[in-house]
Every structure is written in C-alpha cells, then in structure tokens.
>>> print(open('target33.txt').read())   # compact mmCIF, C-alpha atoms
# COMPACT_ATOMS: atom_id res chain seq x y z
CA MET A 16 14.30 -82.67 56.65
CA GLY A 17 15.73 -81.32 59.89
CA HIS A 18 14.10 -81.42 63.24
CA LEU A 19 11.87 -78.47 64.03
CA TYR A 20 12.29 -76.38 67.15
CA PHE A 21 9.64 -73.80 67.84
CA ARG A 22 10.26 -70.45 69.47
CA GLU A 23 7.94 -67.47 69.39
CA GLU A 24 10.46 -65.27 67.70
CA ASN A 25 12.05 -67.69 65.24
CA VAL A 26 11.85 -71.28 64.11
CA MET A 27 15.12 -73.18 63.84
CA ASP A 28 15.34 -75.70 61.08
CA SER A 29 18.09 -77.13 58.94
CA ASN A 30 17.51 -74.60 56.15
CA GLY A 31 17.91 -71.73 58.58
CA ILE A 32 21.24 -73.14 59.66
CA ARG A 33 22.23 -73.57 56.00
CA GLU A 34 21.43 -69.88 55.39
CA ILE A 35 23.81 -68.97 58.18
CA ILE A 36 26.52 -71.24 56.78
CA ASP A 37 26.09 -69.68 53.33
CA ASP A 38 26.42 -66.23 54.86
CA ILE A 39 29.55 -67.00 56.83
CA VAL A 40 31.58 -69.62 54.99
CA ILE A 41 33.03 -68.04 51.88
CA GLY A 42 33.07 -70.29 48.86
CA MET A 43 30.75 -72.94 50.32
CA ASP A 44 27.35 -73.87 48.89
CA ALA A 45 25.42 -74.92 51.97
CA SER A 46 22.74 -76.64 49.88
CA SER A 47 25.36 -79.32 49.19
CA ILE A 48 25.79 -80.05 52.92
CA SER A 49 23.78 -82.89 54.36
CA ASP A 50 22.28 -82.65 57.85
CA THR A 51 24.84 -85.17 59.11
CA ASP A 52 28.02 -83.89 57.47
CA ILE A 53 30.56 -83.12 60.18
CA PHE A 54 31.62 -79.48 59.83
CA ASN A 55 35.34 -79.90 60.39
CA GLU A 56 35.44 -82.73 57.86
CA ILE A 57 33.90 -80.64 55.07
CA GLY A 58 36.20 -77.64 55.38
CA ILE A 59 34.46 -75.50 57.99
CA ASP A 60 37.31 -74.35 60.23
CA SER A 61 37.22 -73.40 63.91
CA LEU A 62 36.78 -69.69 63.23
CA ASP A 63 33.83 -70.13 60.90
CA PHE A 64 32.39 -72.68 63.31
CA ALA A 65 32.50 -70.18 66.19
CA ASN A 66 30.90 -67.59 63.94
CA ILE A 67 28.14 -69.99 62.88
CA LEU A 68 27.34 -70.81 66.50
CA LEU A 69 27.24 -67.12 67.38
CA GLU A 70 24.80 -66.39 64.55
CA ILE A 71 22.63 -69.32 65.65
CA GLU A 72 22.61 -68.06 69.24
CA GLU A 73 21.64 -64.57 68.12
CA ARG A 74 19.08 -65.54 65.49
CA TYR A 75 17.28 -68.13 67.59
CA GLY A 76 17.83 -66.74 71.09
CA VAL A 77 19.62 -69.86 72.31
CA SER A 78 22.82 -70.37 74.25
CA ILE A 79 25.49 -72.95 73.45
CA PRO A 80 28.06 -73.01 76.29
CA ASN A 81 31.69 -73.86 75.52
CA ASP A 82 31.38 -77.24 77.21
CA ASP A 83 28.63 -78.25 74.76
CA VAL A 84 30.25 -77.06 71.54
CA GLU A 85 31.50 -80.56 70.68
CA GLU A 86 27.87 -81.77 70.59
CA CYS A 87 27.13 -79.32 67.77
CA GLY A 88 29.40 -80.59 65.03
CA SER A 89 26.80 -80.93 62.27
CA ILE A 90 23.43 -79.42 61.33
CA GLN A 91 21.56 -82.39 62.81
CA GLN A 92 23.63 -82.35 65.99
CA ILE A 93 22.78 -78.67 66.49
CA LEU A 94 19.08 -79.32 66.03
CA ASP A 95 19.22 -82.30 68.40
CA TYR A 96 21.12 -80.28 70.99
CA ILE A 97 18.72 -77.35 70.93
CA SER A 98 15.69 -79.59 71.13
CA LYS A 99 16.88 -81.16 74.39
CA MET B 19 42.38 -25.43 74.78
CA THR B 20 41.76 -28.62 72.81
CA ILE B 21 44.30 -31.41 72.86
CA GLY B 22 44.46 -33.75 69.88
CA ILE B 23 46.75 -35.94 67.81
CA LYS B 24 49.66 -34.22 66.08
CA GLY B 25 51.72 -37.21 64.95
CA ILE B 26 52.51 -40.90 65.42
CA GLY B 27 55.85 -42.69 65.61
CA VAL B 28 56.22 -46.45 65.21
CA TYR B 29 58.87 -49.03 65.99
CA LEU B 30 58.91 -52.67 64.88
CA PRO B 31 61.77 -55.00 65.74
CA LEU B 32 63.64 -56.40 62.75
CA ASP B 33 63.37 -60.03 63.89
CA HIS B 34 60.32 -62.00 62.80
CA ILE B 35 58.73 -65.42 63.15
CA SER B 36 57.06 -66.76 60.04
CA ASN B 37 53.68 -68.39 60.56
CA TYR B 38 54.30 -70.43 57.42
CA ASP B 39 57.02 -72.24 59.40
CA GLN B 40 54.32 -73.40 61.83
CA ILE B 41 51.99 -74.99 59.29
CA ASP B 42 52.96 -78.58 60.09
CA ALA B 43 53.18 -78.09 63.83
CA PHE B 44 49.66 -76.65 64.04
CA ASP B 45 48.10 -78.66 61.19
CA ILE B 46 46.88 -75.61 59.30
CA SER B 47 47.01 -74.46 55.69
CA GLU B 48 48.54 -71.45 53.99
CA GLU B 49 45.03 -70.36 53.14
CA PHE B 50 44.08 -70.41 56.84
CA ILE B 51 47.08 -68.19 57.62
CA ASN B 52 46.39 -65.77 54.78
CA GLU B 53 42.60 -65.56 54.87
CA LYS B 54 41.67 -66.23 58.49
CA ILE B 55 44.52 -65.47 60.88
CA GLY B 56 45.92 -62.87 58.51
CA MET B 57 49.33 -62.74 60.21
CA GLN B 58 51.98 -64.01 57.83
CA GLN B 59 54.80 -63.09 60.17
CA LEU B 60 55.10 -61.84 63.73
CA ALA B 61 57.57 -59.18 64.81
CA LYS B 62 59.67 -60.34 67.76
CA MET B 63 61.94 -58.32 69.97
CA PRO B 64 65.40 -59.86 70.32
CA GLU B 65 66.95 -61.17 73.53
CA GLY B 66 68.27 -58.44 75.79
CA VAL B 67 65.68 -55.90 74.61
CA ASP B 68 62.83 -54.88 76.90
CA THR B 69 59.51 -53.02 76.82
CA SER B 70 61.12 -49.64 77.51
CA ASP B 71 63.59 -50.16 74.67
CA LEU B 72 60.83 -50.68 72.10
CA ALA B 73 59.03 -47.65 73.52
CA LYS B 74 62.13 -45.50 73.31
CA GLU B 75 62.62 -46.35 69.62
CA ALA B 76 59.02 -45.40 68.85
CA VAL B 77 59.47 -42.05 70.59
CA LEU B 78 62.71 -41.42 68.70
CA ASP B 79 60.90 -42.22 65.44
CA LEU B 80 58.33 -39.59 66.38
CA PHE B 81 60.98 -37.01 67.32
CA ASN B 82 62.76 -37.61 63.99
CA ALA B 83 59.59 -37.08 62.00
CA TYR B 84 57.98 -34.17 63.81
CA SER B 85 59.05 -30.85 65.27
CA VAL B 86 58.91 -31.91 68.90
CA SER B 87 61.74 -32.81 71.22
CA ALA B 88 62.28 -34.41 74.61
CA ASP B 89 62.59 -31.12 76.49
CA GLN B 90 59.09 -30.07 75.38
CA ILE B 91 57.29 -33.14 76.73
CA GLU B 92 55.22 -32.39 79.83
CA CYS B 93 53.64 -35.80 80.32
CA LEU B 94 54.06 -39.34 79.07
CA VAL B 95 51.52 -42.13 79.48
CA LEU B 96 52.72 -45.66 78.71
CA VAL B 97 50.21 -48.40 77.97
CA THR B 98 51.56 -51.83 78.82
CA GLN B 99 50.72 -54.99 80.71
CA ASN B 100 54.19 -56.46 80.14
CA PRO B 101 56.45 -53.97 81.91
CA ASP B 102 60.18 -54.03 82.35
CA GLY B 103 60.98 -56.41 85.20
CA ASN B 104 58.02 -56.86 87.55
CA GLY B 105 56.60 -53.39 86.95
CA LEU B 106 58.29 -51.64 89.87
CA PRO B 107 59.45 -49.04 89.10
CA HIS B 108 56.83 -48.24 86.49
CA THR B 109 58.24 -48.68 83.02
CA SER B 110 57.36 -45.11 82.09
CA ALA B 111 59.90 -43.94 84.70
CA ILE B 112 62.56 -46.12 83.08
CA LEU B 113 61.53 -44.69 79.70
CA HIS B 114 61.68 -41.15 81.12
CA ASN B 115 65.29 -41.87 82.05
CA LYS B 116 66.17 -43.37 78.67
CA LEU B 117 64.73 -40.34 76.88
CA SER B 118 66.23 -37.79 79.28
CA LEU B 119 62.85 -36.13 79.75
CA GLN B 120 62.47 -33.06 81.94
CA GLU B 121 62.31 -33.44 85.71
CA SER B 122 58.90 -31.75 85.61
CA CYS B 123 57.55 -34.29 83.10
CA VAL B 124 54.93 -36.52 84.74
CA VAL B 125 54.85 -40.15 83.65
CA PHE B 126 52.71 -43.13 84.56
CA ASP B 127 51.76 -46.55 83.23
CA VAL B 128 48.26 -47.64 82.27
CA SER B 129 47.50 -51.35 82.51
CA LEU B 130 45.26 -52.12 79.56
CA GLY B 131 45.63 -54.39 76.58
CA CYS B 132 44.13 -54.17 73.15
CA SER B 133 41.74 -51.40 74.22
CA GLY B 134 44.61 -49.45 75.76
CA TYR B 135 45.39 -46.95 73.03
CA VAL B 136 41.84 -45.68 72.72
CA HIS B 137 41.40 -45.58 76.49
CA GLY B 138 44.80 -43.91 76.64
CA LEU B 139 43.79 -41.13 74.26
CA SER B 140 40.97 -40.19 76.61
CA ILE B 141 43.22 -40.40 79.66
CA ILE B 142 46.06 -38.26 78.32
CA LYS B 143 43.78 -35.76 76.60
CA SER B 144 41.82 -35.23 79.83
CA PHE B 145 45.00 -35.08 81.93
CA MET B 146 46.67 -32.56 79.67
CA GLU B 147 43.60 -30.33 79.39
CA ALA B 148 43.05 -30.45 83.16
CA HIS B 149 46.60 -29.30 83.82
CA GLY B 150 47.08 -26.87 80.95
CA MET B 151 49.74 -29.00 79.23
CA THR B 152 50.52 -28.49 75.57
CA ASN B 153 52.82 -31.38 74.62
CA GLY B 154 52.44 -34.98 75.72
CA LEU B 155 53.19 -38.49 74.54
CA LEU B 156 50.93 -41.54 74.58
CA VAL B 157 53.22 -44.53 74.20
CA THR B 158 52.20 -48.15 73.65
CA SER B 159 54.64 -51.01 74.15
CA ASP B 160 53.31 -54.42 75.15
CA PRO B 161 55.55 -57.23 73.86
CA TYR B 162 53.54 -60.43 74.22
CA SER B 163 56.56 -62.51 73.19
CA LYS B 164 57.37 -62.37 76.91
CA ILE B 165 54.28 -64.41 77.78
CA LEU B 166 53.48 -66.53 74.71
CA ASP B 167 53.63 -70.31 74.73
CA PRO B 168 55.07 -71.19 71.29
CA LEU B 169 53.16 -74.48 71.38
CA ASP B 170 49.76 -72.88 72.03
CA ARG B 171 47.78 -73.01 68.78
CA ASP B 172 45.30 -70.41 70.05
CA THR B 173 47.85 -67.65 70.59
CA ALA B 174 51.23 -68.48 69.05
CA MET B 175 50.26 -67.31 65.55
CA LEU B 176 48.66 -64.01 66.48
CA PHE B 177 50.79 -61.69 68.54
CA GLY B 178 53.74 -59.57 67.50
CA ASP B 179 55.97 -57.08 69.31
CA GLY B 180 56.06 -53.40 68.52
CA ALA B 181 55.65 -49.93 69.98
CA THR B 182 54.14 -46.57 69.07
CA ALA B 183 54.36 -43.01 70.32
CA THR B 184 51.59 -40.50 69.67
CA TRP B 185 52.23 -36.80 70.08
CA LEU B 186 49.33 -34.98 71.69
CA GLY B 187 49.15 -31.22 71.71
CA THR B 188 47.34 -28.04 70.80
CA ALA B 189 46.49 -27.14 67.20
CA PRO B 190 46.23 -30.84 66.43
CA GLN B 191 45.79 -32.59 63.10
CA TRP B 192 43.07 -34.81 64.57
CA GLU B 193 40.50 -33.90 67.22
CA ILE B 194 39.57 -36.68 69.60
CA GLY B 195 36.18 -37.78 70.84
CA PRO B 196 33.52 -38.49 71.85
CA PHE B 197 34.10 -41.95 73.29
CA ASP B 198 32.24 -45.09 74.18
CA PHE B 199 33.75 -47.37 76.84
CA GLY B 200 32.78 -50.56 78.56
CA THR B 201 33.85 -53.64 80.47
CA LEU B 202 32.32 -57.11 80.58
CA SER B 203 34.12 -58.22 83.70
CA ASP B 204 32.16 -61.46 84.07
CA GLN B 205 34.23 -62.67 81.13
CA TYR B 206 37.64 -61.52 82.36
CA GLU B 207 38.85 -65.12 82.55
CA ALA B 208 38.73 -65.36 78.75
CA LEU B 209 42.19 -63.78 78.57
CA THR B 210 44.51 -64.41 81.51
CA ILE B 211 47.98 -65.51 82.53
CA LYS B 212 48.36 -69.12 83.69
CA PRO B 213 50.37 -70.04 86.79
CA ASP B 214 53.32 -70.82 84.49
CA GLY B 215 53.28 -67.20 83.31
CA LYS B 216 51.99 -67.99 79.85
CA LEU B 217 49.02 -66.39 78.10
CA LYS B 218 45.77 -68.32 78.00
CA MET B 219 43.00 -67.24 75.64
CA ASN B 220 39.49 -68.57 75.13
CA GLY B 221 39.31 -67.86 71.42
CA ARG B 222 35.58 -68.39 71.08
CA ALA B 223 34.77 -66.11 74.01
CA ILE B 224 37.03 -63.37 72.70
CA PHE B 225 35.58 -63.67 69.19
CA ASN B 226 32.00 -63.56 70.48
CA PHE B 227 32.81 -60.58 72.68
CA ALA B 228 34.38 -58.59 69.86
CA ALA B 229 31.76 -59.55 67.25
CA THR B 230 28.87 -58.51 69.50
CA GLN B 231 30.17 -55.61 71.57
CA VAL B 232 32.17 -53.60 69.05
CA PRO B 233 29.29 -52.99 66.61
CA LYS B 234 27.10 -51.99 69.56
CA SER B 235 29.79 -49.59 70.73
CA VAL B 236 30.14 -48.04 67.29
CA ASN B 237 26.36 -47.69 67.03
CA ARG B 238 26.17 -45.96 70.42
CA LEU B 239 28.89 -43.56 69.37
CA LEU B 240 27.12 -42.73 66.12
CA ASP B 241 23.85 -42.19 68.00
CA LYS B 242 25.64 -39.90 70.45
CA THR B 243 27.03 -37.76 67.65
CA GLY B 244 24.07 -37.90 65.26
CA LEU B 245 26.34 -39.35 62.57
CA SER B 246 25.70 -42.36 60.39
CA PHE B 247 28.00 -45.08 59.05
CA SER B 248 28.21 -43.24 55.73
CA ASP B 249 29.67 -40.18 57.50
CA ILE B 250 32.70 -42.20 58.59
CA ASP B 251 35.53 -42.55 56.09
CA LEU B 252 37.44 -45.33 57.85
CA PHE B 253 36.91 -47.79 60.68
CA ALA B 254 40.31 -48.49 62.24
CA MET B 255 39.59 -51.58 64.28
CA HIS B 256 42.06 -53.33 66.57
CA GLN B 257 43.89 -55.87 64.42
CA GLY B 258 43.15 -58.96 66.47
CA SER B 259 43.10 -61.14 63.37
CA ARG B 260 41.96 -60.80 59.77
CA TYR B 261 38.92 -62.87 60.67
CA ILE B 262 37.65 -60.59 63.42
CA VAL B 263 38.29 -57.48 61.32
CA ASP B 264 36.38 -59.00 58.38
CA THR B 265 33.59 -60.14 60.73
CA LEU B 266 33.21 -56.63 62.14
CA ALA B 267 33.12 -55.17 58.63
CA ARG B 268 30.38 -57.61 57.66
CA ARG B 269 28.36 -57.12 60.83
CA MET B 270 28.46 -53.35 60.55
CA LYS B 271 27.91 -53.50 56.78
CA VAL B 272 30.94 -51.31 56.10
CA GLU B 273 33.04 -53.67 53.98
CA GLY B 274 35.74 -51.72 52.18
CA LYS B 275 36.18 -49.26 55.02
CA VAL B 276 37.76 -51.64 57.55
CA PRO B 277 41.40 -52.22 56.68
CA PHE B 278 43.56 -55.12 57.80
CA MET B 279 47.24 -54.20 57.73
CA ALA B 280 48.90 -56.39 60.37
CA SER B 281 49.96 -59.27 58.14
CA ARG B 282 53.66 -58.36 58.31
CA TYR B 283 53.94 -57.87 62.09
CA GLY B 284 50.96 -59.38 63.96
CA ASN B 285 48.61 -58.26 66.69
CA THR B 286 50.69 -55.72 68.62
CA VAL B 287 48.03 -55.30 71.32
CA PRO B 288 47.69 -51.56 72.22
CA SER B 289 50.05 -50.61 69.39
CA SER B 290 47.65 -52.13 66.86
CA VAL B 291 45.34 -49.15 66.35
CA PRO B 292 48.00 -46.40 66.16
CA MET B 293 50.04 -48.51 63.71
CA LEU B 294 46.94 -48.81 61.57
CA LEU B 295 46.30 -45.08 61.79
CA LYS B 296 49.86 -44.38 60.68
CA ASP B 297 49.54 -46.82 57.75
CA CYS B 298 46.02 -46.17 56.57
CA VAL B 299 44.72 -42.72 57.09
CA THR B 300 44.93 -40.79 53.84
CA ASN B 301 44.71 -37.07 53.37
CA ASP B 302 41.11 -37.21 52.23
CA ALA B 303 39.86 -38.97 55.36
CA ARG B 304 37.85 -36.55 57.52
CA ARG B 305 36.33 -38.83 60.15
CA VAL B 306 37.75 -42.08 61.46
CA ILE B 307 36.27 -44.36 64.10
CA ILE B 308 38.87 -46.27 66.10
CA SER B 309 38.10 -49.15 68.43
CA GLY B 310 40.26 -51.28 70.68
CA PHE B 311 38.85 -54.36 72.43
CA GLY B 312 40.23 -57.26 74.41
CA VAL B 313 41.57 -58.13 77.81
CA GLY B 314 39.23 -57.28 80.67
CA LEU B 315 37.09 -57.81 78.67
CA ALA B 316 37.08 -54.15 77.78
CA TRP B 317 36.50 -51.92 74.82
CA ALA B 318 36.99 -48.28 73.93
CA THR B 319 35.78 -46.60 70.76
CA CYS B 320 36.09 -43.02 69.65
CA ILE B 321 35.78 -40.71 66.67
CA LEU B 322 38.76 -38.84 65.30
CA GLU B 323 37.93 -35.80 63.21
CA ARG B 324 40.44 -34.04 61.01
CA ARG B 325 40.81 -30.44 61.98
CA THR B 326 40.27 -28.13 59.01
>>> encode(input="target33.txt", output="structure tokens")
Amino acid sequence: MGHLYFREENVMDSNGIREIIDDIVIGMDASSISDTDIFNEIGIDSLDFANILLEIEERYGVSIPNDDVEECGSIQQILDYISK
Amino acid sequence: MTIGIKGIGVYLPLDHISNYDQIDAFDISEEFINEKIGMQQLAKMPEGVDTSDLAKEAVLDLFNAYSVSADQIECLVLVTQNPDGNGLPHTSAILHNKLSLQESCVVFDVSLGCSGYVHGLSIIKSFMEAHGMTNGLLVTSDPYSKILDPLDRDTAMLFGDGATATWLGTAPQWEIGPFDFGTLSDQYEALTIKPDGKLKMNGRAIFNFAATQVPKSVNRLLDKTGLSFSDIDLFAMHQGSRYIVDTLARRMKVEGKVPFMASRYGNTVPSSVPMLLKDCVTNDARRVIISGFGVGLAWATCILERRT
C-alpha cells in the first residue's frame, strides 16, 4: 500500500494517484500499475505525465517544480517526494 | 454602429513537412503524432517568401470570396511577432504597399502570439467604432518557420506557417464580445527566443498555463453574460496541439464541441483560431466561444454571436 500523506483538504495515497491516471491515460487500467512501475516504461508519455502531475497538484494542493519532475517518475516516487 | 465579422480569408503555403518523417529522429510513434501532437504535417513557407507575402495572399483570398476591395479598406491591423526584416518598417506598411491600399488607410502591427487574433478582434473593433470606420481588415501572419530549431523535439513538430484576413464591418455576420483577457507575466520565460534566435518553449509550463487558465477564462465570460456551457454551440480553441484541445474539452466537460482541425497544417499561432472558424462554423451555430492563449503568457477569450 502506498505511503499516506495527510492534508486537511485531501489525503494523497496510491489509489488516488491511480484514479488520476485512469482519468487521464486513455486505454490504461491503472489497477494493473504497481507503485514502483516507472511511468515512461509502461507507456505513459510526456504529455500524459505533465497532465497527471497537474491533476495531482490541483487535487492535493501541492507544487512540483520543473526541477523536481524527474523525482516523480512512479506512484511511489511521487508519494515519497510529497512526504519530504 | 456595431462592427463585427463579415468574412475570413485564409492562405496556406503549398510546401509541407511531414511529422511522420521525424519519427526516428525524435523517437516517437505514429500514434503519438496522431493522438497527442495531432499535427501530421506542417505548412512551411518557401524560401524567398516573407510574412507580408503570406498576409497578402490571405487578403486576396478574402477579396476573391467577398464583396470588398482594397479601395474600401480604412484600417488594417496585422498580428505578428515575426515581421518582415527586423520589424522596421512595420510589416503592415509593407503589406499596405503590396495591396495598394488607400493613402488614408491606417495600418499598424500588433505583437502578440497565439492570443493575438482574439486580442486583435477587440483592438480593431474598438478602433473602427471609435473612428467611425466601416471596413477594416484584421490580418494574422506569424511564420514560426523563421525561428524554429528543426532539432528541438519540443517545438519542431508543432508549428506551421499560414495567414488569415478577417473582414470587419457594419451589418456583420458575427457580433463580437464580450471578452476576457489576462496575462501571467511571471511565466513569460516559458516561451522565448534564445540568443541564437531560435524558439525555446517550456512545454510543461505552457500546458499547465493553458489547462488551468483557459477554463477559468471561459467560466468568467459565461458568468459575465449569464450564459451556460450548454448555450454555446462551439468552442473554437487555439490549436496548440490535439492534446491541449482534448484536455480543455475534458476539463470544461464539453467534449464534442471542441474541434481539432490543424492536423494538415500545424499550429499557425494567431492564424489558428480564424482558420478554425473558417473550417468549422456551420450555419446552425449561433454562439461560438473563441480563445487564444500562449506567449506572454497571455490569453484572450470572447463570444461570437451570429446576427439574425
């Protein structure tokens, strides 16, 4: 199970990120993605990746600067990054 | 006296670059071109042709299709950030000469990019109404082939060359306004020219900007007018890429009303929206929202309403 990050307005967990992936990546079943699968190795391209990060920023009220994008290449990496 | 849109002329160069020829160089797939970028080929102006030449052809296309001629034009506004030469004289003056417009015809350039047509409609409409003018032209001609780095994966597959000319006058087919404008200048560095004269684009920043600001702009405009999304027949969004157009449709929950038509010529910058209007607006469309967004980072959105 993914790492939990608590915010008043919304709790980020791996399933929440999977919901976003399901919403954005056409033709992908996010339930088949493990927490450690690297996005660009499982067919998530740069455009969908940018879109996923935007949705995460908006849904959870977080900011992921451009310089840190490479640290967010999987569900687990995103959770680890946000929990820093 | 209300000034509105009476007709649109378009010019696309015959030469093209195929994005399918760039698949190996950029390590992409046909699916990525078709479904994400959306641009299958990019129109490209040939050597020896300049911004004013594209613009002239668009105006001639307009004159051939509509009952307006050069001697009737009282003002001409040209939207470009890639002028003839270094921009002095203004390219609209060169165009004035190429079209043999009247001595009394006022012309000037407006330096805006992808938001330029929608901004331009407000500018020329206001200018014409303030000065009692009855026939004017809003011309867009911004050939990015002048500034593209063919090896830049972020930009080389997006932009095409083209020009449009919109006839503004009284008793229009389409009434214009109201508008919503804005600028996020703290992000202006997301789309700039490098010291070598080539375009540099932060794709993520531009995507985030468009995905967040355009729906807000459309919502503000609907609030201002008391209209709802269901009252709008078509959302003619700047054709930055298929992906951003589809993202906007999804975010505004208006899938099916947001066409993407630029696959055969590319993102023509300020010519994008008028080309789309020319291609897409059918006789049964009563209200269209148009939005241009990009360099600055700036946006302009307005409602066009068919005059009954």
>>> closest_atom_pairs(input="target33.txt", of="chain A", to="chain B", cutoff="9 Å", atoms="all atoms listed in the file", output="JSON lines")
{"residue": "A:Ile39", "atom": "CA", "partner": "B:Thr265", "partner_atom": "CA", "distance": 8.9}
{"residue": "A:Asp60", "atom": "CA", "partner": "B:Phe50", "partner_atom": "CA", "distance": 8.5}
{"residue": "A:Ser61", "atom": "CA", "partner": "B:Arg222", "partner_atom": "CA", "distance": 8.9}
{"residue": "A:Leu62", "atom": "CA", "partner": "B:Tyr261", "partner_atom": "CA", "distance": 7.6}
{"residue": "A:Asp63", "atom": "CA", "partner": "B:Tyr261", "partner_atom": "CA", "distance": 8.9}
{"residue": "A:Ala65", "atom": "CA", "partner": "B:Arg222", "partner_atom": "CA", "distance": 6.1}
{"residue": "A:Asn66", "atom": "CA", "partner": "B:Asn226", "partner_atom": "CA", "distance": 7.8}
{"residue": "A:Leu69", "atom": "CA", "partner": "B:Asn226", "partner_atom": "CA", "distance": 6.7}
{"residue": "A:Asn81", "atom": "CA", "partner": "B:Arg222", "partner_atom": "CA", "distance": 8.0}
>>> residues_around(input="target33.txt", residues="Gly22 of chain B", least_positions_apart="4", cutoff="9 Å", atoms="only C-alpha atoms", output="PyMOL selection string")
chain B and resi 139+143+185-194+322
>>> atom_distance(input="target33.txt", atom1="atom CA of Gln257 of chain B", atom2="atom CA of Tyr135 of chain B")
12.5 Å
>>> atom_distance(input="target33.txt", atom1="atom CA of Glu75 of chain B", atom2="atom CA of Ile142 of chain B")
20.4 Å
>>> closest_residue(input="target33.txt", among="B:Leu245, B:Ile211, B:Leu60, B:Val136", to="Ile308 of chain B", atoms="only C-alpha atoms")
B:Val136
>>> closest_residue(input="target33.txt", among="A:Ile36, A:Glu72, A:Ile48, A:Asp82", to="Ile97 of chain A", atoms="only C-alpha atoms")
A:Glu72
>>> atom_distance(input="target33.txt", atom1="atom CA of Lys218 of chain B", atom2="atom CA of Asp167 of chain B")
8.7 Å
>>> closest_residue(input="target33.txt", among="B:Ile141, B:Ser133, B:Lys74, B:Ile41", to="Leu119 of chain B", atoms="all atoms listed in the file")
B:Lys74
>>> closest_residue(input="target33.txt", among="A:Val77, A:Ser98, A:Ser47, A:Gly42", to="Asn30 of chain A", atoms="all atoms listed in the file")
A:Ser47
>>> closest_residue(input="target33.txt", among="A:Asp50, A:Ile59, A:Ala45, A:Arg74", to="Val26 of chain A", atoms="only C-alpha atoms")
A:Arg74
>>> residues_around(input="target33.txt", residues="Val306 of chain B", least_positions_apart="5", cutoff="12 Å", atoms="all atoms listed in the file", output="PyMOL selection string")
chain B and resi 192-196+236+239-240+245+247-255+275-277+291+294-295+298-301+319-324
>>> closest_residue(input="target33.txt", among="B:Val67, B:Cys132, B:Ile35, B:Val86", to="Trp317 of chain B", atoms="all atoms listed in the file")
B:Cys132
>>> residues_around(input="target33.txt", residues="Thr210 of chain B", least_positions_apart="3", cutoff="9 Å", atoms="only C-alpha atoms", output="list in words")
Tyr206, Glu207, Lys216, Leu217, Lys218, Met219, Val313 and Gly314 of chain B
>>> write_last_selection(input="target33.txt", atoms="C-alpha atoms", output="PDB file, keeping the file's coordinate frame")
ATOM      1  CA  TYR B 206      37.640 -61.520  82.360  1.00  0.00           C
ATOM      2  CA  GLU B 207      38.850 -65.120  82.550  1.00  0.00           C
ATOM      3  CA  LYS B 216      51.990 -67.990  79.850  1.00  0.00           C
ATOM      4  CA  LEU B 217      49.020 -66.390  78.100  1.00  0.00           C
ATOM      5  CA  LYS B 218      45.770 -68.320  78.000  1.00  0.00           C
ATOM      6  CA  MET B 219      43.000 -67.240  75.640  1.00  0.00           C
ATOM      7  CA  VAL B 313      41.570 -58.130  77.810  1.00  0.00           C
ATOM      8  CA  GLY B 314      39.230 -57.280  80.670  1.00  0.00           C
TER       9      GLY B 314
END
>>> residues_around(input="target33.txt", residues="Gln90 of chain B", least_positions_apart="5", cutoff="12 Å", atoms="only C-alpha atoms", output="list in words")
Phe81, Ser85, Leu117, Ser118, Leu119, Gln120, Glu121, Ser122, Cys123, Met151, Thr152, Asn153, Gly154, Leu155, Trp185, Leu186 and Gly187 of chain B
